[in-house]
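What follows is a short report on a single structure.
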Protein chains: 2
Amino acid sequence: MGRGRPRGFDRDEALDRAMRLFWTRGYQDTSIADLTDALGIGSPSLYAAFGSKAALFCAAADRYQESDGGRPGIALLAAPTARAGVEALLRENVALFTHRGGPRGCLLTRATLSCPPDDATVVAYLERSRRERLTALRTRLKAAAAAGEPLPSDDVDTLAQHYDAQVQGLAVRALEGATRPVLQRTVDLTMAGWDALAAR
Amino acid sequence: MGRGRPRGFDRDEALDRAMRLFWTRGYQDTSIADLTDALGIGSPSLYAAFGSKAALFCAAADRYQESDGGRPGIALLAAPTARAGVEALLRENVALFTHRGGPRGCLLTRATLSCPPDDATVVAYLERSRRERLTALRTRLKAAAAAGEPLPSDDVDTLAQHYDAQVQGLAVRALEGATRPVLQRTVDLTMAGWDALAAR
DNA sequence: CCTTTTCTGTAGTGGTCGATACACAATAAT
DNA sequence: ATTATTGTGTATCGACCACTACAGAAAAGG
């Protein structure tokens with residue numbers, strides 16, 4: 001057992017609240033004071049537990065990707081075909097970005113556009129996350145191409161870029177206030193485009 | 001003629017530089033010190049000429065929309081068909097978002113995601129700009145529908161939302177570092193989807 | 001000339017930022 | 001009980017934030 005005074009708060013619960021706050025307000029606009037308020041702890045406790053604002057963000061973003069934010073990626077891989085996977089990816093993202101009671105949009109996209117470029121730790125974290133997401137998409141599509149599934153294009157790399165852009169577009173539109181039904185219809189159109197192209 | 005001491009700097013040139021700075025770093029991460037440095041003037045001169053950081057941003061954003069940032073909207077309206085208009089809109093945006101020597105992405109999208117929600121002036125400005133852009137797109141598509149042009153869908157409102165989301169997706173992808181050829185191929189795919197759907 | 005008007009440069013305002021020094025409290029090991 | 005170790009609360013730190021008071025400089029009107 002650890003020796004000193006026990007921590008007076010639940011680390012995981014604190015991470016959840018920090019995630020929510022970063023998700024709602026972005027990285028830069030979430031201050032340490034905001035965090036200590038929401039977490040109900042003093043700043044020295046926060047720094048002792050997490051190290052720095054940047055490190056806390058990375059931990060909170062990890063938690064995001066392991067919980068709500070991870071659903072779309074899982075849905076992509078779980079689907080039997082690339083067509084179903086991409087549709088599930090988009091629909092899960094719509095659900096994530098417009099979840100009632102939850103912050104709108106994507107925690108990572110939001111942070112990407114609101115993080116000062118000199119904060120190397122966070123910038124590197126975000127860059128890696130984006131690369132992993134794009135790689136997952138490309139890998140899934142490449143497997144589908146190898147399996148002979150009909151795809152909207154032979155250029156798998158462009159396909160991955162295109163559907164990744166769809167996700168980012170949904171994230172921004174959600175932040176701008178687009179409702180769930182509106183985004184769902186946007187996805188309907190995207191998938192109709194897939195079908196029309198894949199059928200040729 | 002005005003009576004007092006003449007202004008020691010060119011107001012339009014200062015606005016251009018401010019626009020560039022807001023475009024590069026977003027709203028919140030651009031400080032008054034950054035601006036006075038780039039503009040080569042003292043802060044009292046800045047405040048005398050523009051009023052406040054929020055007002056300066058609005059003026060710089062107006063300038064953006066009247067110069068580079070206005071091209072896509074003009075291209076949309078100038079094209080003979082909705083199909084050509086949407087393609088021109090997307091391609092002009094790709095050019096705008098990846099212009100060599102210019103900041104990447106969209107000044108307005110960037111500001112939307114990096115503006116503190118309590119800055120009512122800027123939030124209202126951005127909201128109005130977005131509404132106008134979406135309205136322009138919807139109006140163009142509605143006219144096309146009335147003219148009997150073949151469209152990917154009968155639901156003009158959803159079409160407008162969909163292609164607006166494309167623009168936002170391109171803006172984010174450009175900020176993330178996607179190159180111009182990559183974004184061009186994304187647009188190729190989007191327009192291929194239009195053709196495949198409109199032909200049915 | 002002198003007055004009026006307008007802009008500029010210096011030098012700050014109070015406030016908030018992320019991050020900490022330090023004393024003390026609370027536990028475990030000895 | 002003593003010591004070692006770790007977390008908490010108070011009370012800051014210097015740096016930076018948007019913004020401005022004030023005095024002097026530069027023009028026009030008289």
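Ordered as shown in the structure tokens, chains take letters A, B, and onward, while each chain numbers its residues from 1 and ligands are numbered from 1 in the order shown.
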(message) I'd like the neighbourhood of range 72-78 of chain B as number ranges by chain, where a residue qualifies if any of its atoms comes within 12 Å (using only C-alpha atoms (C1' of nucleotides)), though same-chain residues fewer than 3 positions away should be ignored.
(response) B: 64-69, 81-97, 106, 129-130, 132-141, 143-144, 163-164, 167
Convert the current residue selection to file output with N, CA and C atoms, as a tab-separated table (two decimals), in the first residue's frame.
```tsv
chain	number	residue	atom	x	y	z
B	64	TYR	N	-11.79	39.97	-44.84
B	64	TYR	CA	-11.57	38.60	-45.33
B	64	TYR	C	-12.67	38.22	-46.30
B	65	GLN	N	-13.91	38.46	-45.90
B	65	GLN	CA	-15.04	38.03	-46.73
B	65	GLN	C	-15.17	38.87	-47.99
B	66	GLU	N	-14.58	40.07	-47.95
B	66	GLU	CA	-14.63	40.91	-49.16
B	66	GLU	C	-13.45	40.65	-50.09
B	67	SER	N	-12.44	39.93	-49.60
B	67	SER	CA	-11.29	39.66	-50.47
B	67	SER	C	-11.18	38.15	-50.71
B	68	ASP	N	-10.13	37.53	-50.21
B	68	ASP	CA	-9.91	36.10	-50.46
B	68	ASP	C	-11.12	35.25	-50.07
B	69	GLY	N	-11.62	35.47	-48.85
B	69	GLY	CA	-12.68	34.63	-48.33
B	69	GLY	C	-13.99	34.74	-49.08
B	81	THR	N	-24.75	26.64	-63.64
B	81	THR	CA	-25.60	25.61	-63.03
B	81	THR	C	-25.22	25.41	-61.57
B	82	ALA	N	-26.12	24.79	-60.82
B	82	ALA	CA	-25.83	24.50	-59.42
B	82	ALA	C	-24.66	23.53	-59.32
B	83	ARG	N	-24.64	22.55	-60.22
B	83	ARG	CA	-23.54	21.58	-60.25
B	83	ARG	C	-22.20	22.29	-60.39
B	84	ALA	N	-22.10	23.20	-61.36
B	84	ALA	CA	-20.85	23.94	-61.56
B	84	ALA	C	-20.59	24.88	-60.39
B	85	GLY	N	-21.67	25.44	-59.84
B	85	GLY	CA	-21.52	26.37	-58.72
B	85	GLY	C	-20.96	25.68	-57.49
B	86	VAL	N	-21.51	24.53	-57.16
B	86	VAL	CA	-21.04	23.81	-55.97
B	86	VAL	C	-19.60	23.36	-56.18
B	87	GLU	N	-19.30	22.86	-57.38
B	87	GLU	CA	-17.91	22.44	-57.62
B	87	GLU	C	-16.97	23.63	-57.50
B	88	ALA	N	-17.36	24.77	-58.08
B	88	ALA	CA	-16.51	25.96	-57.99
B	88	ALA	C	-16.35	26.41	-56.54
B	89	LEU	N	-17.45	26.33	-55.79
B	89	LEU	CA	-17.40	26.68	-54.37
B	89	LEU	C	-16.37	25.83	-53.65
B	90	LEU	N	-16.43	24.54	-53.88
B	90	LEU	CA	-15.52	23.63	-53.18
B	90	LEU	C	-14.08	23.84	-53.65
B	91	ARG	N	-13.89	24.01	-54.96
B	91	ARG	CA	-12.52	24.13	-55.46
B	91	ARG	C	-11.89	25.47	-55.06
B	92	GLU	N	-12.71	26.51	-55.07
B	92	GLU	CA	-12.19	27.81	-54.60
B	92	GLU	C	-11.83	27.74	-53.12
B	93	ASN	N	-12.62	27.00	-52.37
B	93	ASN	CA	-12.30	26.86	-50.95
B	93	ASN	C	-11.01	26.08	-50.75
B	94	VAL	N	-10.82	25.03	-51.54
B	94	VAL	CA	-9.56	24.29	-51.45
B	94	VAL	C	-8.39	25.23	-51.74
B	95	ALA	N	-8.52	26.03	-52.79
B	95	ALA	CA	-7.45	26.97	-53.14
B	95	ALA	C	-7.23	27.96	-51.99
B	96	LEU	N	-8.33	28.47	-51.46
B	96	LEU	CA	-8.25	29.43	-50.36
B	96	LEU	C	-7.58	28.83	-49.13
B	97	PHE	N	-7.96	27.61	-48.81
B	97	PHE	CA	-7.49	26.98	-47.57
B	97	PHE	C	-6.05	26.49	-47.66
B	106	CYS	N	-9.88	28.19	-42.86
B	106	CYS	CA	-10.83	29.28	-42.97
B	106	CYS	C	-10.78	30.15	-41.72
B	129	SER	N	-22.55	35.30	-40.09
B	129	SER	CA	-21.77	34.92	-41.28
B	129	SER	C	-22.13	33.51	-41.73
B	130	ARG	N	-22.22	32.60	-40.79
B	130	ARG	CA	-22.54	31.21	-41.13
B	130	ARG	C	-23.92	31.13	-41.75
B	132	GLU	N	-25.56	33.39	-43.33
B	132	GLU	CA	-25.56	33.95	-44.68
B	132	GLU	C	-24.97	32.97	-45.69
B	133	ARG	N	-23.88	32.32	-45.29
B	133	ARG	CA	-23.27	31.35	-46.21
B	133	ARG	C	-24.21	30.21	-46.53
B	134	LEU	N	-24.84	29.69	-45.50
B	134	LEU	CA	-25.77	28.58	-45.71
B	134	LEU	C	-26.95	29.02	-46.56
B	135	THR	N	-27.42	30.22	-46.31
B	135	THR	CA	-28.55	30.75	-47.08
B	135	THR	C	-28.20	30.90	-48.55
B	136	ALA	N	-26.99	31.39	-48.83
B	136	ALA	CA	-26.57	31.55	-50.21
B	136	ALA	C	-26.58	30.21	-50.93
B	137	LEU	N	-26.07	29.20	-50.24
B	137	LEU	CA	-26.02	27.86	-50.84
B	137	LEU	C	-27.44	27.34	-51.09
B	138	ARG	N	-28.30	27.48	-50.09
B	138	ARG	CA	-29.67	26.99	-50.22
B	138	ARG	C	-30.40	27.72	-51.35
B	139	THR	N	-30.20	29.02	-51.41
B	139	THR	CA	-30.87	29.81	-52.44
B	139	THR	C	-30.45	29.37	-53.83
B	140	ARG	N	-29.14	29.16	-53.99
B	140	ARG	CA	-28.65	28.73	-55.31
B	140	ARG	C	-29.25	27.39	-55.70
B	141	LEU	N	-29.31	26.47	-54.73
B	141	LEU	CA	-29.83	25.13	-55.02
B	141	LEU	C	-31.33	25.19	-55.30
B	143	ALA	N	-32.96	27.67	-56.60
B	143	ALA	CA	-33.14	28.20	-57.95
B	143	ALA	C	-32.90	27.11	-58.99
B	144	ALA	N	-31.89	26.28	-58.72
B	144	ALA	CA	-31.60	25.19	-59.66
B	144	ALA	C	-32.76	24.21	-59.72
B	163	TYR	N	-23.39	20.15	-48.38
B	163	TYR	CA	-22.22	20.76	-49.04
B	163	TYR	C	-21.57	21.82	-48.15
B	164	ASP	N	-22.33	22.40	-47.25
B	164	ASP	CA	-21.71	23.27	-46.26
B	164	ASP	C	-20.79	22.46	-45.35
B	167	VAL	N	-17.50	21.91	-46.95
B	167	VAL	CA	-16.59	23.06	-46.82
B	167	VAL	C	-15.92	23.05	-45.46
```
(message) Quick check for you: according to DSSP on this backbone, which residues of chain B are classed as alpha helix (DSSP H)? Reply as JSON, numbers by chain.
(response) {"B": [11, 12, 13, 14, 15, 16, 17, 18, 19, 20, 21, 22, 23, 24, 25, 32, 33, 34, 35, 36, 37, 38, 39, 43, 44, 45, 46, 47, 48, 49, 50, 53, 54, 55, 56, 57, 58, 59, 60, 61, 62, 63, 64, 65, 66, 71, 72, 73, 74, 75, 76, 77, 78, 82, 83, 84, 85, 86, 87, 88, 89, 90, 91, 92, 93, 94, 95, 96, 97, 107, 108, 109, 110, 111, 112, 113, 114, 120, 121, 122, 123, 124, 125, 126, 127, 128, 129, 130, 131, 132, 133, 134, 135, 136, 137, 138, 139, 140, 141, 142, 143, 144, 145, 146, 156, 157, 158, 159, 160, 161, 162, 163, 164, 165, 166, 167, 168, 169, 170, 171, 172, 173, 174, 175, 180, 181, 182, 183, 184, 185, 186, 187, 188, 189, 190, 191, 192, 193, 194, 195, 196, 197, 198]}
(message) Could you list, as an MDAnalysis selection string, every residue within 7 Å of range 6-15 of chain C, counting only C-alpha atoms (C1' of nucleotides) and ignoring same-chain residues fewer than 4 positions away?
(response) chainID B and resid 3:7 45
(request) Residues of chain B no more than 12 Å from chain D, counting only C-alpha atoms (C1' of nucleotides): send them over as a VMD selection string. (result) chain B and resid 1 to 8 28 to 34 43 to 48 51 to 54
(request) Identify every residue of chain A that has at least one atom within 7 Å of any atom of chain B, counting only C-alpha atoms, and report the result as a list in words. (result)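 Using only C-alpha atoms, chain A residues at most 7 Å from chain B: Asp29, Arg110, Leu113, Ser114, Pro116, Thr158, Gln161, His162, Ala165, Gln166, Gln168, Gly169, Leu170, Val172, Arg173, Arg185, Thr186, Gly193, Ala196 and Leu197 of chain A.
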Restricting it to N, CA, C and O atoms, dump the selection as a CSV table (one decimal), in the first residue's frame.
```csv
chain,number,residue,atom,x,y,z
A,29,ASP,N,-9.5,27.6,-23.7
A,29,ASP,CA,-10.5,28.4,-23.0
A,29,ASP,C,-10.9,27.7,-21.7
A,29,ASP,O,-11.7,28.2,-21.0
A,110,ARG,N,-12.2,20.0,-31.7
A,110,ARG,CA,-12.3,21.3,-31.0
A,110,ARG,C,-10.9,21.7,-30.5
A,110,ARG,O,-10.5,22.9,-30.6
A,113,LEU,N,-8.4,23.1,-33.0
A,113,LEU,CA,-8.6,24.4,-33.5
A,113,LEU,C,-8.5,25.5,-32.4
A,113,LEU,O,-8.5,26.7,-32.7
A,114,SER,N,-8.3,25.0,-31.2
A,114,SER,CA,-8.2,26.0,-30.1
A,114,SER,C,-7.0,25.8,-29.2
A,114,SER,O,-6.9,26.3,-28.1
A,116,PRO,N,-3.0,26.6,-28.6
A,116,PRO,CA,-1.9,27.4,-29.1
A,116,PRO,C,-0.8,26.5,-29.7
A,116,PRO,O,-0.5,25.5,-29.1
A,158,THR,N,-7.6,8.2,-51.0
A,158,THR,CA,-8.5,9.3,-51.2
A,158,THR,C,-9.8,9.0,-50.5
A,158,THR,O,-10.4,9.9,-49.9
A,161,GLN,N,-9.4,9.8,-46.9
A,161,GLN,CA,-9.3,11.2,-46.6
A,161,GLN,C,-10.7,11.8,-46.7
A,161,GLN,O,-11.1,12.7,-46.0
A,162,HIS,N,-11.5,11.4,-47.7
A,162,HIS,CA,-12.8,11.9,-48.0
A,162,HIS,C,-13.7,11.7,-46.8
A,162,HIS,O,-14.4,12.6,-46.3
A,165,ALA,N,-12.8,13.6,-43.8
A,165,ALA,CA,-13.3,15.0,-43.9
A,165,ALA,C,-14.8,15.1,-43.6
A,165,ALA,O,-15.3,16.1,-43.0
A,166,GLN,N,-15.5,14.0,-43.9
A,166,GLN,CA,-17.0,14.0,-43.5
A,166,GLN,C,-17.1,14.1,-42.0
A,166,GLN,O,-18.0,14.8,-41.5
A,168,GLN,N,-15.1,15.4,-39.8
A,168,GLN,CA,-14.7,16.7,-39.3
A,168,GLN,C,-15.8,17.7,-39.7
A,168,GLN,O,-16.1,18.6,-38.9
A,169,GLY,N,-16.4,17.5,-40.9
A,169,GLY,CA,-17.5,18.4,-41.2
A,169,GLY,C,-18.6,18.3,-40.3
A,169,GLY,O,-19.2,19.3,-39.8
A,170,LEU,N,-19.0,17.1,-39.9
A,170,LEU,CA,-20.0,16.8,-39.0
A,170,LEU,C,-19.7,17.5,-37.6
A,170,LEU,O,-20.6,18.1,-37.0
A,172,VAL,N,-17.8,20.1,-36.9
A,172,VAL,CA,-17.9,21.5,-36.9
A,172,VAL,C,-19.4,21.9,-37.0
A,172,VAL,O,-19.9,22.8,-36.3
A,173,ARG,N,-20.2,21.2,-37.9
A,173,ARG,CA,-21.6,21.6,-38.0
A,173,ARG,C,-22.3,21.4,-36.7
A,173,ARG,O,-23.2,22.1,-36.3
A,185,ARG,N,-29.4,13.4,-42.0
A,185,ARG,CA,-29.8,13.5,-43.4
A,185,ARG,C,-28.5,13.8,-44.2
A,185,ARG,O,-28.4,13.4,-45.4
A,186,THR,N,-27.6,14.5,-43.6
A,186,THR,CA,-26.3,14.7,-44.3
A,186,THR,C,-25.6,13.4,-44.5
A,186,THR,O,-25.1,13.1,-45.6
A,193,GLY,N,-24.4,8.6,-51.9
A,193,GLY,CA,-23.3,8.8,-52.8
A,193,GLY,C,-22.4,7.6,-52.9
A,193,GLY,O,-22.0,7.2,-54.0
A,196,ALA,N,-24.3,5.0,-55.0
A,196,ALA,CA,-24.4,5.4,-56.4
A,196,ALA,C,-23.1,5.1,-57.1
A,196,ALA,O,-23.0,4.7,-58.3
A,197,LEU,N,-22.0,5.4,-56.4
A,197,LEU,CA,-20.6,5.3,-57.0
A,197,LEU,C,-20.2,3.8,-57.0
A,197,LEU,O,-19.6,3.4,-58.0
```
Per residue of chain C within 12 Å of chain A, which atom pair is closest and at what distance in Å (one decimal), using only C-alpha atoms (C1' of nucleotides), listed by chain and increasing number, as JSON lines?
```
{"residue": "C:DT16", "atom": "C1'", "partner": "A:Ser31", "partner_atom": "CA", "distance": 9.4}
{"residue": "C:DC17", "atom": "C1'", "partner": "A:Ser31", "partner_atom": "CA", "distance": 7.7}
{"residue": "C:DG18", "atom": "C1'", "partner": "A:Ile32", "partner_atom": "CA", "distance": 7.1}
{"residue": "C:DA19", "atom": "C1'", "partner": "A:Ser52", "partner_atom": "CA", "distance": 8.1}
{"residue": "C:DT20", "atom": "C1'", "partner": "A:Pro44", "partner_atom": "CA", "distance": 7.9}
{"residue": "C:DA21", "atom": "C1'", "partner": "A:Pro44", "partner_atom": "CA", "distance": 10.8}
{"residue": "C:DC22", "atom": "C1'", "partner": "A:Pro44", "partner_atom": "CA", "distance": 11.8}
{"residue": "C:DC24", "atom": "C1'", "partner": "A:Arg5", "partner_atom": "CA", "distance": 11.8}
{"residue": "C:DA25", "atom": "C1'", "partner": "A:Arg5", "partner_atom": "CA", "distance": 8.0}
{"residue": "C:DA26", "atom": "C1'", "partner": "A:Arg5", "partner_atom": "CA", "distance": 4.6}
{"residue": "C:DT27", "atom": "C1'", "partner": "A:Arg5", "partner_atom": "CA", "distance": 4.4}
{"residue": "C:DA28", "atom": "C1'", "partner": "A:Arg3", "partner_atom": "CA", "distance": 4.5}
{"residue": "C:DA29", "atom": "C1'", "partner": "A:Arg3", "partner_atom": "CA", "distance": 7.9}
```
(request) Quick one: pull the distance between CA of Asp12 in chain B and CA of Leu108 in chain B, Å, one decimal. (result)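 Straight-line distance from CA of Asp12 in chain B to CA of Leu108 in chain B works out to 19.5 Å.
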(message) What does the structure give for the distance between CA of Gly102 in chain B and CA of Asp37 in chain B, in Å to one decimal?
(response) 18.7 Å
(message) Please compute the CA of Phe57 in chain A-CA of Arg11 in chain A distance, one decimal, in Å.
(response)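 One can read the CA of Phe57 in chain A to CA of Arg11 in chain A distance as 13.8 Å.
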